[in-house]
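One file, work.txt, carrying compact mmCIF, C-alpha atoms and all ligand atoms:
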```txt
# COMPACT_ATOMS: atom_id res chain seq x y z
CA MET C 1266 86.21 89.10 106.52
CA ILE C 1267 84.67 85.65 106.66
CA ILE C 1268 86.35 82.65 108.29
CA VAL C 1269 85.17 79.27 107.06
CA LEU C 1270 85.90 76.48 109.53
CA LYS C 1271 86.63 72.90 108.53
CA PRO C 1272 83.60 70.55 108.45
CA ASN C 1273 82.49 69.22 111.84
CA THR C 1274 84.65 71.58 113.88
CA LYS C 1275 83.99 71.07 117.58
CA GLN C 1276 82.48 73.82 119.71
CA GLU C 1277 85.70 74.30 121.70
CA ASP C 1278 87.63 74.88 118.47
CA VAL C 1279 85.02 77.37 117.25
CA SER C 1280 85.41 79.24 120.52
CA ARG C 1281 89.20 79.28 120.19
CA VAL C 1282 89.03 80.84 116.70
CA GLU C 1283 86.38 83.28 117.88
CA HIS C 1284 88.72 84.29 120.69
CA LEU C 1285 91.54 84.86 118.17
CA VAL C 1286 89.27 87.18 116.18
CA LYS C 1287 88.15 89.13 119.25
CA ARG C 1288 91.78 89.55 120.34
CA ARG C 1289 92.26 91.56 117.12
CA GLY C 1290 89.54 93.98 118.20
CA LEU C 1291 86.78 92.60 115.99
CA ASP C 1292 83.28 91.38 116.79
CA THR C 1293 81.97 88.08 115.50
CA HIS C 1294 78.79 86.71 114.04
CA ILE C 1295 78.72 82.91 114.00
CA VAL C 1296 76.61 80.95 111.54
CA VAL C 1297 76.36 77.23 112.31
CA GLY C 1298 75.29 75.23 109.27
CA GLN C 1299 74.62 71.50 108.98
CA GLU C 1300 78.16 70.72 107.94
CA MET C 1301 80.19 73.81 108.41
CA THR C 1302 80.49 76.80 110.65
CA ILE C 1303 81.29 80.29 109.42
CA ILE C 1304 82.58 83.18 111.52
CA GLY C 1305 81.75 86.63 110.17
CA CYS C 1306 84.24 89.25 111.43
CA ILE C 1307 82.71 92.64 112.15
CA GLY C 1308 84.80 95.82 112.29
CA ASP C 1309 87.71 97.35 110.40
CA THR C 1310 89.58 94.45 108.85
CA THR C 1311 91.76 96.57 106.53
CA LYS C 1312 94.76 96.27 108.85
CA ILE C 1313 94.35 92.55 109.51
CA ASP C 1314 96.22 89.90 107.57
CA ALA C 1315 93.77 87.10 106.69
CA LYS C 1316 96.63 84.58 106.69
CA LEU C 1317 96.89 85.03 110.44
CA PHE C 1318 93.73 83.00 111.04
CA GLU C 1319 94.68 80.33 108.51
CA VAL C 1320 97.36 79.23 110.94
CA ASP C 1321 94.69 77.66 113.15
CA ALA C 1322 94.15 73.96 112.33
CA SER C 1323 90.34 74.33 112.40
CA VAL C 1324 90.28 77.07 109.77
CA ASP C 1325 89.61 75.99 106.19
CA LYS C 1326 89.86 79.39 104.49
CA VAL C 1327 89.53 83.11 105.09
CA MET C 1328 87.91 85.48 102.63
CA HIS C 1329 88.05 89.26 102.54
CA VAL C 1330 84.70 90.83 101.70
CA GLN C 1331 85.98 94.38 102.18
CA GLU C 1332 88.69 96.05 100.10
CA PRO C 1333 92.03 96.42 101.92
CA TYR C 1334 92.02 100.19 101.38
CA LYS C 1335 89.97 102.63 103.35
CA LEU C 1336 90.94 106.27 102.73
CA ALA C 1337 90.81 105.85 98.94
CA ASN C 1338 87.64 103.75 99.07
CA ARG C 1339 84.48 105.14 97.46
CA ALA C 1340 82.43 103.20 100.04
CA PHE C 1341 83.65 105.49 102.84
CA HIS C 1342 83.63 108.67 100.71
CA PRO C 1343 80.77 108.52 98.20
CA GLU C 1344 81.40 111.99 96.69
CA ASP C 1345 84.05 112.48 94.00
CA SER C 1346 87.13 114.16 95.43
CA VAL C 1347 88.33 117.44 93.98
CA VAL C 1348 92.08 117.99 94.07
CA ASP C 1349 93.22 121.59 93.95
CA VAL C 1350 96.46 122.05 92.00
CA SER C 1351 97.50 125.60 92.82
CA GLY C 1352 94.04 126.88 91.92
CA VAL C 1353 93.26 124.41 89.11
CA LYS C 1354 90.51 122.05 90.24
CA VAL C 1355 90.68 118.42 89.17
CA GLY C 1356 87.79 115.98 89.64
CA ARG C 1357 84.00 116.19 90.15
CA GLY C 1358 83.54 117.43 86.59
CA HIS C 1359 86.68 119.57 86.42
CA LEU C 1360 89.20 118.40 83.82
CA ALA C 1361 92.99 118.49 84.18
CA LEU C 1362 94.44 119.28 80.77
CA ILE C 1363 98.14 118.59 81.25
CA ALA C 1364 100.41 119.20 78.27
CA GLY C 1365 104.10 119.63 77.60
CA PRO C 1366 107.22 117.86 76.42
CA CYS C 1367 108.38 114.50 77.68
CA SER C 1368 111.63 116.14 78.82
CA VAL C 1369 112.74 119.67 79.44
CA GLU C 1370 115.43 120.28 76.82
CA SER C 1371 115.92 124.05 76.85
CA ALA C 1372 114.22 127.20 78.08
CA GLN C 1373 113.19 128.17 74.58
CA GLN C 1374 111.65 124.75 73.91
CA VAL C 1375 109.57 124.73 77.09
CA LEU C 1376 108.49 128.36 76.82
CA GLU C 1377 107.36 127.91 73.24
CA ILE C 1378 105.41 124.73 73.96
CA ALA C 1379 103.91 126.12 77.17
CA ALA C 1380 102.64 129.28 75.45
CA ALA C 1381 101.06 127.28 72.61
CA ALA C 1382 99.51 124.70 74.97
CA LYS C 1383 98.04 127.44 77.12
CA GLN C 1384 96.59 129.15 74.07
CA SER C 1385 94.91 125.84 73.15
CA GLY C 1386 93.36 125.51 76.62
CA ALA C 1387 95.82 123.42 78.64
CA ASN C 1388 95.62 124.28 82.34
CA LEU C 1389 98.76 122.49 83.61
CA LEU C 1390 102.28 122.27 82.15
CA ARG C 1391 104.25 119.03 82.21
CA GLY C 1392 107.94 118.40 81.53
CA GLY C 1393 110.41 115.86 82.85
CA ALA C 1394 113.52 117.22 84.55
CA PHE C 1395 114.56 113.88 86.06
CA LYS C 1396 113.88 111.10 83.56
CA PRO C 1397 113.48 107.40 84.37
CA ARG C 1398 115.15 105.86 81.28
CA THR C 1399 115.52 102.16 80.58
CA SER C 1400 119.10 102.68 79.40
CA PRO C 1401 121.72 104.46 81.51
CA TYR C 1402 123.16 105.78 78.22
CA SER C 1403 119.94 107.62 77.24
CA PHE C 1404 119.32 111.28 78.09
CA GLN C 1405 118.62 111.39 81.83
CA GLY C 1406 117.03 114.84 81.93
CA MET C 1407 118.38 118.27 82.84
CA GLY C 1408 117.83 117.75 86.55
CA LEU C 1409 117.57 120.86 88.71
CA ASP C 1410 118.34 123.09 85.71
CA GLY C 1411 115.26 121.60 84.06
CA LEU C 1412 113.17 122.36 87.12
CA LYS C 1413 114.36 125.97 86.96
CA ILE C 1414 113.20 126.20 83.35
CA LEU C 1415 109.78 124.83 84.30
CA CYS C 1416 109.52 127.51 86.99
CA GLU C 1417 110.36 130.18 84.40
CA ALA C 1418 107.65 128.81 82.11
CA LYS C 1419 105.19 128.92 85.00
CA GLU C 1420 106.16 132.52 85.65
CA ALA C 1421 105.68 133.39 81.97
CA THR C 1422 102.38 131.57 81.38
CA GLY C 1423 100.80 131.22 84.82
CA LEU C 1424 100.44 127.46 84.22
CA PRO C 1425 101.12 125.37 87.34
CA ILE C 1426 103.78 122.71 86.72
CA VAL C 1427 103.77 118.92 86.84
CA THR C 1428 107.05 117.00 86.93
CA GLU C 1429 108.33 113.62 88.06
CA LEU C 1430 110.07 113.06 91.37
CA MET C 1431 112.40 110.08 91.36
CA SER C 1432 114.59 110.48 94.42
CA PRO C 1433 113.81 111.32 98.06
CA GLU C 1434 116.82 113.64 97.83
CA HIS C 1435 114.60 116.16 96.00
CA LEU C 1436 111.53 116.02 98.24
CA ASP C 1437 112.09 119.48 99.73
CA ILE C 1438 112.75 121.32 96.50
CA PHE C 1439 109.79 119.64 94.79
CA ASN C 1440 107.56 120.51 97.73
CA GLU C 1441 108.64 124.11 97.38
CA LYS C 1442 108.46 124.50 93.60
CA VAL C 1443 106.31 121.82 91.94
CA ASP C 1444 102.53 122.24 91.88
CA LEU C 1445 101.69 118.60 91.11
CA ILE C 1446 104.34 115.99 91.91
CA GLN C 1447 104.35 113.10 89.47
CA ILE C 1448 105.29 109.61 90.60
CA GLY C 1449 106.09 107.57 87.53
CA ALA C 1450 105.03 104.06 86.63
CA ARG C 1451 108.38 102.65 87.70
CA ASN C 1452 108.13 104.10 91.20
CA MET C 1453 104.47 103.31 91.84
CA GLN C 1454 105.46 100.70 94.38
CA ASN C 1455 108.46 102.48 95.87
CA PHE C 1456 106.80 102.33 99.27
CA ASP C 1457 109.44 104.33 101.14
CA LEU C 1458 109.06 107.17 98.65
CA LEU C 1459 105.24 106.93 98.83
CA LYS C 1460 105.34 107.23 102.63
CA GLN C 1461 107.49 110.34 102.37
CA LEU C 1462 105.00 111.95 99.97
CA GLY C 1463 102.52 111.80 102.81
CA GLN C 1464 104.53 114.52 104.57
CA LEU C 1465 104.24 116.98 101.68
CA ASP C 1466 101.66 119.70 101.07
CA ARG C 1467 101.61 119.25 97.31
CA PRO C 1468 99.14 117.04 95.42
CA ILE C 1469 100.49 113.87 93.85
CA LEU C 1470 99.90 112.45 90.37
CA LEU C 1471 100.32 108.70 90.81
CA LYS C 1472 100.87 106.86 87.54
CA ARG C 1473 99.88 103.24 87.20
CA GLY C 1474 102.73 100.72 87.43
CA LEU C 1475 103.68 98.85 84.26
CA ASN C 1476 101.81 95.76 85.36
CA ALA C 1477 99.91 96.89 88.42
CA THR C 1478 96.43 95.61 89.19
CA TYR C 1479 93.77 98.13 90.19
CA GLU C 1480 94.09 97.04 93.81
CA GLU C 1481 97.89 97.40 93.85
CA TRP C 1482 97.57 100.86 92.32
CA ILE C 1483 94.92 101.98 94.80
CA MET C 1484 96.99 100.54 97.66
CA SER C 1485 99.86 102.79 96.55
CA ALA C 1486 97.51 105.78 96.70
CA GLU C 1487 96.45 104.53 100.14
CA TYR C 1488 100.13 104.59 101.25
CA ILE C 1489 100.34 108.30 100.41
CA MET C 1490 96.96 109.05 101.98
CA ALA C 1491 97.62 107.03 105.13
CA SER C 1492 100.89 108.94 105.56
CA GLY C 1493 98.99 112.23 105.65
CA ASN C 1494 98.48 113.52 102.09
CA GLU C 1495 94.99 112.85 100.73
CA ASN C 1496 95.47 114.87 97.54
CA VAL C 1497 96.12 112.10 95.07
CA ILE C 1498 95.21 111.95 91.37
CA LEU C 1499 95.53 108.60 89.60
CA CYS C 1500 96.93 108.41 86.06
CA GLU C 1501 96.27 105.50 83.71
CA ARG C 1502 99.18 105.30 81.25
CA GLY C 1503 98.77 101.89 79.66
CA ILE C 1504 99.85 98.49 80.87
CA ARG C 1505 102.15 95.75 79.56
CA THR C 1506 100.34 93.14 77.52
CA PHE C 1507 101.39 90.53 74.92
CA GLU C 1508 100.90 93.13 72.17
CA THR C 1509 104.13 94.62 70.90
CA TYR C 1510 102.78 96.85 68.12
CA THR C 1511 101.96 99.57 70.64
CA ARG C 1512 104.23 100.68 73.49
CA ASN C 1513 101.61 99.65 76.06
CA THR C 1514 97.89 98.91 75.99
CA LEU C 1515 95.61 101.69 77.22
CA ASP C 1516 93.23 100.21 79.76
CA LEU C 1517 90.14 102.32 79.17
CA GLN C 1518 88.19 100.08 81.52
CA SER C 1519 90.30 101.38 84.37
CA ILE C 1520 88.36 104.66 84.22
CA PRO C 1521 84.90 103.34 85.17
CA VAL C 1522 86.43 100.70 87.45
CA LEU C 1523 88.48 103.22 89.42
CA ARG C 1524 85.61 105.64 89.57
CA LYS C 1525 83.56 102.84 91.14
CA LEU C 1526 86.25 101.73 93.60
CA THR C 1527 87.66 105.10 94.61
CA HIS C 1528 86.65 108.76 94.89
CA LEU C 1529 90.03 109.98 93.57
CA PRO C 1530 90.24 111.77 90.20
CA VAL C 1531 91.46 109.62 87.29
CA VAL C 1532 93.50 111.19 84.50
CA VAL C 1533 94.60 109.39 81.31
CA ASP C 1534 97.97 109.62 79.54
CA PRO C 1535 97.40 108.36 75.98
CA SER C 1536 100.95 109.30 74.93
CA HIS C 1537 102.80 106.68 77.00
CA ALA C 1538 100.00 104.18 76.41
CA GLY C 1539 100.18 103.90 72.62
CA GLY C 1540 103.66 105.30 72.05
CA LYS C 1541 102.51 106.72 68.68
CA TRP C 1542 101.35 110.29 68.07
CA TRP C 1543 98.44 109.24 65.84
CA LEU C 1544 96.96 107.10 68.60
CA VAL C 1545 96.80 110.02 71.01
CA GLU C 1546 93.73 111.74 69.56
CA PRO C 1547 91.35 108.75 69.35
CA MET C 1548 92.41 107.43 72.77
CA ALA C 1549 92.20 110.86 74.42
CA LYS C 1550 88.67 111.34 73.12
CA ALA C 1551 87.67 107.84 74.21
CA ALA C 1552 89.09 108.49 77.70
CA ILE C 1553 87.08 111.69 78.16
CA ALA C 1554 83.94 110.00 76.83
CA ALA C 1555 84.53 107.15 79.32
CA GLY C 1556 84.57 109.61 82.24
CA ALA C 1557 88.24 110.50 82.77
CA ASP C 1558 88.93 113.59 84.86
CA GLY C 1559 91.61 114.81 82.51
CA LEU C 1560 94.40 114.08 80.05
CA MET C 1561 98.16 114.18 80.17
CA VAL C 1562 99.50 114.64 76.64
CA GLU C 1563 103.07 115.00 75.43
CA VAL C 1564 103.43 118.01 73.13
CA HIS C 1565 106.65 118.96 71.34
CA ASN C 1566 107.41 121.80 68.94
CA ASP C 1567 110.03 119.73 67.10
CA PRO C 1568 109.26 116.05 67.77
CA GLU C 1569 111.71 114.88 65.10
CA SER C 1570 114.59 116.24 67.23
CA ALA C 1571 113.12 115.44 70.67
CA LEU C 1572 115.58 113.92 73.14
CA CYS C 1573 112.85 111.61 74.45
CA ASP C 1574 109.52 110.25 73.18
CA GLY C 1575 109.28 112.32 69.98
CA ALA C 1576 107.29 109.57 68.23
CA GLN C 1577 104.41 109.87 70.67
CA SER C 1578 104.40 113.67 70.92
CA LEU C 1579 101.80 115.89 69.27
CA LYS C 1580 102.84 119.08 67.53
CA PRO C 1581 101.16 122.16 69.06
CA GLN C 1582 98.78 122.47 66.10
CA LYS C 1583 97.56 118.87 66.55
CA TYR C 1584 97.16 119.43 70.29
CA ASP C 1585 95.04 122.46 69.54
CA GLU C 1586 92.78 120.41 67.26
CA LEU C 1587 92.55 117.69 69.92
CA LEU C 1588 91.46 120.12 72.62
CA ARG C 1589 88.77 121.54 70.40
CA GLU C 1590 87.31 118.08 69.97
CA VAL C 1591 87.75 117.21 73.64
CA THR C 1592 85.88 120.40 74.56
CA GLN C 1593 82.93 119.27 72.43
CA ILE C 1594 82.82 115.85 74.12
CA ALA C 1595 83.21 117.41 77.56
CA LYS C 1596 80.23 119.68 76.93
CA VAL C 1597 78.03 116.77 75.89
CA ILE C 1598 78.84 114.78 79.04
CA GLY C 1599 78.66 117.78 81.35
CA LYS C 1600 82.34 118.21 82.31
CA LYS C 1601 83.74 121.66 83.01
CA ILE C 1602 86.64 123.05 81.00
C1 LIG C 1701 106.39 110.46 81.89
O1 LIG C 1701 105.21 110.83 82.05
O2 LIG C 1701 107.29 111.22 81.54
C2 LIG C 1701 106.75 109.04 82.13
C3 LIG C 1701 108.01 108.66 82.24
O3 LIG C 1701 105.70 108.24 82.23
P1 LIG C 1701 105.54 106.77 82.88
O4 LIG C 1701 106.07 106.84 84.28
O5 LIG C 1701 104.06 106.55 82.82
O6 LIG C 1701 106.31 105.83 82.00
MN MN C 1702 107.64 110.50 77.89
```

Would it be possible to restate this file's structure as structure tokens?
Ligand code: PEP
Ligand code: MN
Amino acid sequence: MIIVLKPNTKQEDVSRVEHLVKRRGLDTHIVVGQEMTIIGCIGDTTKIDAKLFEVDASVDKVMHVQEPYKLANRAFHPEDSVVDVSGVKVGRGHLALIAGPCSVESAQQVLEIAAAAKQSGANLLRGGAFKPRTSPYSFQGMGLDGLKILCEAKEATGLPIVTELMSPEHLDIFNEKVDLIQIGARNMQNFDLLKQLGQLDRPILLKRGLNATYEEWIMSAEYIMASGNENVILCERGIRTFETYTRNTLDLQSIPVLRKLTHLPVVVDPSHAGGKWWLVEPMAKAAIAAGADGLMVEVHNDPESALCDGAQSLKPQKYDELLREVTQIAKVIGKKI
């Protein structure tokens, strides 16, 4: 953090600001120029609010030179993190291939999709039991019955399960039964929920908020990590832009940017990004080529009758073709499948 003092600040005022900085446990390095004086703050400034120093009448402005996150920061952890999801490694070259329906609708539906997805090479099974829907009149998910079905599908296929947690009421049961706990876009900044995830043993899949900046998104991961759970996977799922033709706009740039800023694995969900099944394949391939650590793809055996997101779901046959192509790209860029 750098504190720029107003021009011609007197020595006694410089000393007062320096004292304020030292009181916060930081060291200082003072540079006296011809017209202005700058105080460099040395130490961990992640927990210090820059605005605090702006209160002093001699301070012109305060600039952060360090990111406000520490545990998620690549600077303090140069190696890629690997997150272990019940034996499936994600990150440092290992791809998460998450597939399944938007919502759990019946045991037969999930079992059929799970078996086909596994056959194609998926290593994790998704399915929403608790659904965050824009309308209260839309299908809200099967709830705990849906979770039970996912557990049956895990039993049948051996695929660890990924499903969204919406309420703190279900923390314990999710911690017991869900291999990778998804936090959806709409809850990315539910800070109370994020803090509680820190108490769990399960890894977390943190989706990007509808209009979250990279820093806001990483700060949400930092919440979970600072509360005690460092097993976080980030998921880019498209952001709101002025374009209305697609559901959202897939931010492919987020992959290299996040890989530069953090050591956490970054997975891409092309289904919720484009909102159209035919956009899934090109965007999934682009994401892997750009360095993503995996894909989350909605797959449905009967998308025409799906209770949620049928238009963006791939049929099992199309998912199979996609994974064959993804495998080729992964080989070329040295990722492990
Ligand atoms: C989902 O993956 O089922 C979902 C609701 O996604 P998002 O939170 O990204 O909208
Ligand atoms: Mn969906």

Grab me every residue within 7 Å of ligand LIG 1701 (chain C), counting all atoms listed in the file, and send it over as a ChimeraX atom specification. /C:1367,1393,1396-1397,1448-1451,1472-1473,1502,1537

Of the residues C:Ser1371, C:Thr1509, C:Pro1366, C:Leu1475, which is the one nearest to Asp1574 of chain C, using all atoms listed in the file? C:Pro1366

Give the residue list for ligand MN 1702 (chain C) at 12 Å, counting all atoms listed in the file, as a ChimeraX atom specification, sorted by chain and then by residue number. /C:1364-1369,1391-1399,1404-1406,1428-1429,1449-1450,1502,1512,1534-1542,1561-1565,1568,1571-1579

So, with all atoms listed in the file as the atoms that count, which of C:Ala1361, C:Met1484, C:Val1350, C:Ile1295 lies closest to Ser1280 of chain C?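 Going through C:Ala1361, C:Met1484, C:Val1350, C:Ile1295 one by one, the smallest distance to Ser1280 of chain C is for C:Ile1295.
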
So which one's closest to Gly1290 of chain C, C:Ile1498, C:Cys1416, C:Ile1313, C:Ile1303? Using all atoms listed in the file, please.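 Smallest distance to Gly1290 of chain C is found for C:Ile1313.
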
All residues 8 Å or closer to Arg1505 of chain C, only C-alpha atoms, same chain fewer than 6 positions away omitted, as a PyMOL selection string: chain C and resi 1475-1476+1513-1514

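What separates atom CA of Gly1308 of chain C from atom CA of Asn1338 of chain C is a distance of 15.7 Å.
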
Return the single residue from C:Leu1471, C:Met1266, C:Ala1315, C:Ile1598 that is closest to Val1330 of chain C, with distances computed using all atoms listed in the file.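 Checking each of C:Leu1471, C:Met1266, C:Ala1315, C:Ile1598 against Val1330 of chain C, counting all atoms listed in the file, the winner is C:Met1266.
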
Please provide the set of residues having any atom within 7 Å of Pro1343 of chain C, restricted to only C-alpha atoms, with same-chain residues fewer than 3 positions apart removed, written as a PyMOL selection string. chain C and resi 1339-1340+1528

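The neighbours of Val1279 of chain C here are the residues that come within 12 Å of it, using only C-alpha atoms and leaving out any residue fewer than 5 positions away in the same chain; they are Ile1268, Val1269, Leu1270, Lys1271, Pro1272, Asn1273, Thr1274, His1284, Leu1285, Val1286, Thr1293, His1294, Ile1295, Val1296, Val1297, Met1301, Thr1302, Ile1303, Ile1304, Asp1321, Ala1322, Ser1323 and Val1324 of chain C.
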
What does the structure give for the distance between atom CA of Phe1318 of chain C and atom CA of Leu1459 of chain C, in Å to one decimal?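 We find that atom CA of Phe1318 of chain C and atom CA of Leu1459 of chain C lie 29.2 Å from each other.
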
Which of C:Met1328, C:Ile1483, C:Leu1515, C:Ala1382 sits closest to Leu1587 of chain C [using only C-alpha atoms]: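 With only C-alpha atoms as the atom set, the closest residue is C:Ala1382.
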
Which residue is closest to Glu1370 of chain C? Choose from C:Gln1582, C:Gln1593, C:Ser1570, C:Gln1464 and count only C-alpha atoms.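 Among C:Gln1582, C:Gln1593, C:Ser1570, C:Gln1464, it is C:Ser1570 that comes nearest to Glu1370 of chain C.
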
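Separating atom CA of Asp1558 of chain C from atom CA of Ala1491 of chain C is a distance of 23.0 Å.
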
Dump as a list in words all residues having an atom at most 10 Å from (103.8, 121.6, 105.1), computed in the file's coordinates with all atoms listed in the file.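 Residues found, by chain and rising number: Asn1440, Glu1441, Gln1464, Leu1465, Asp1466 and Arg1467 of chain C.
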
Mind checking which residues fall within 12 Å of Thr1478 of chain C, counting only C-alpha atoms, ignoring those fewer than 2 positions away in the same chain, and posting them as a list in words?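 Counting only the stated atoms, we get Met1453, Gln1454, Arg1473, Gly1474, Leu1475, Asn1476, Glu1480, Glu1481, Trp1482, Ile1483, Met1484, Ser1485, Glu1501, Gly1503, Ile1504, Arg1505, Asp1516, Ser1519, Val1522 and Leu1523 of chain C.
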
If we count all atoms listed in the file, what is near Asp1349 of chain C at a cut-off of 12 Å, once residues fewer than 6 positions away on the same chain are taken out, given as a short mmCIF file (atom, residue, chain, number, x, y, z; two decimals) with C-alpha atoms, in the frame of the given file?
```
data_model
loop_
_atom_site.label_atom_id
_atom_site.label_comp_id
_atom_site.auth_asym_id
_atom_site.auth_seq_id
_atom_site.Cartn_x
_atom_site.Cartn_y
_atom_site.Cartn_z
CA VAL C 1355 90.68 118.42 89.17
CA GLY C 1356 87.79 115.98 89.64
CA ARG C 1357 84.00 116.19 90.15
CA HIS C 1359 86.68 119.57 86.42
CA LEU C 1360 89.20 118.40 83.82
CA ALA C 1361 92.99 118.49 84.18
CA LEU C 1389 98.76 122.49 83.61
CA PRO C 1425 101.12 125.37 87.34
CA ASP C 1444 102.53 122.24 91.88
CA LEU C 1445 101.69 118.60 91.11
CA ASP C 1466 101.66 119.70 101.07
CA ARG C 1467 101.61 119.25 97.31
CA PRO C 1468 99.14 117.04 95.42
CA ILE C 1469 100.49 113.87 93.85
CA LEU C 1470 99.90 112.45 90.37
CA GLU C 1495 94.99 112.85 100.73
CA ASN C 1496 95.47 114.87 97.54
CA VAL C 1497 96.12 112.10 95.07
CA ILE C 1498 95.21 111.95 91.37
CA PRO C 1530 90.24 111.77 90.20
#
```

Kindly write C-alpha atoms of segment 1378-1403 of chain C from the structure just given to a file, as a PDB file, in the first residue's frame.
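Output saved as decode_4.pdb:
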```
ATOM      1  CA  ILE C1378     -27.694 -40.138 -17.893  1.00  0.00           C
ATOM      2  CA  ALA C1379     -25.035 -41.040 -15.323  1.00  0.00           C
ATOM      3  CA  ALA C1380     -24.302 -44.404 -16.948  1.00  0.00           C
ATOM      4  CA  ALA C1381     -24.003 -42.837 -20.416  1.00  0.00           C
ATOM      5  CA  ALA C1382     -21.853 -39.930 -19.179  1.00  0.00           C
ATOM      6  CA  LYS C1383     -19.526 -42.323 -17.386  1.00  0.00           C
ATOM      7  CA  GLN C1384     -19.213 -44.455 -20.497  1.00  0.00           C
ATOM      8  CA  SER C1385     -18.188 -41.310 -22.414  1.00  0.00           C
ATOM      9  CA  GLY C1386     -15.490 -40.465 -19.858  1.00  0.00           C
ATOM     10  CA  ALA C1387     -17.145 -38.106 -17.361  1.00  0.00           C
ATOM     11  CA  ASN C1388     -15.550 -38.411 -13.927  1.00  0.00           C
ATOM     12  CA  LEU C1389     -18.095 -36.471 -11.826  1.00  0.00           C
ATOM     13  CA  LEU C1390     -21.910 -36.487 -11.883  1.00  0.00           C
ATOM     14  CA  ARG C1391     -23.916 -33.284 -11.521  1.00  0.00           C
ATOM     15  CA  GLY C1392     -27.621 -32.775 -10.860  1.00  0.00           C
ATOM     16  CA  GLY C1393     -29.581 -30.086  -9.059  1.00  0.00           C
ATOM     17  CA  ALA C1394     -31.754 -31.192  -6.157  1.00  0.00           C
ATOM     18  CA  PHE C1395     -32.361 -27.670  -4.829  1.00  0.00           C
ATOM     19  CA  LYS C1396     -32.815 -25.285  -7.754  1.00  0.00           C
ATOM     20  CA  PRO C1397     -32.368 -21.507  -7.658  1.00  0.00           C
ATOM     21  CA  ARG C1398     -35.152 -20.452 -10.073  1.00  0.00           C
ATOM     22  CA  THR C1399     -35.977 -16.900 -11.084  1.00  0.00           C
ATOM     23  CA  SER C1400     -39.699 -17.603 -10.759  1.00  0.00           C
ATOM     24  CA  PRO C1401     -41.245 -19.064  -7.604  1.00  0.00           C
ATOM     25  CA  TYR C1402     -43.714 -20.865  -9.903  1.00  0.00           C
ATOM     26  CA  SER C1403     -40.985 -22.805 -11.751  1.00  0.00           C
TER      27      SER C1403
END
```
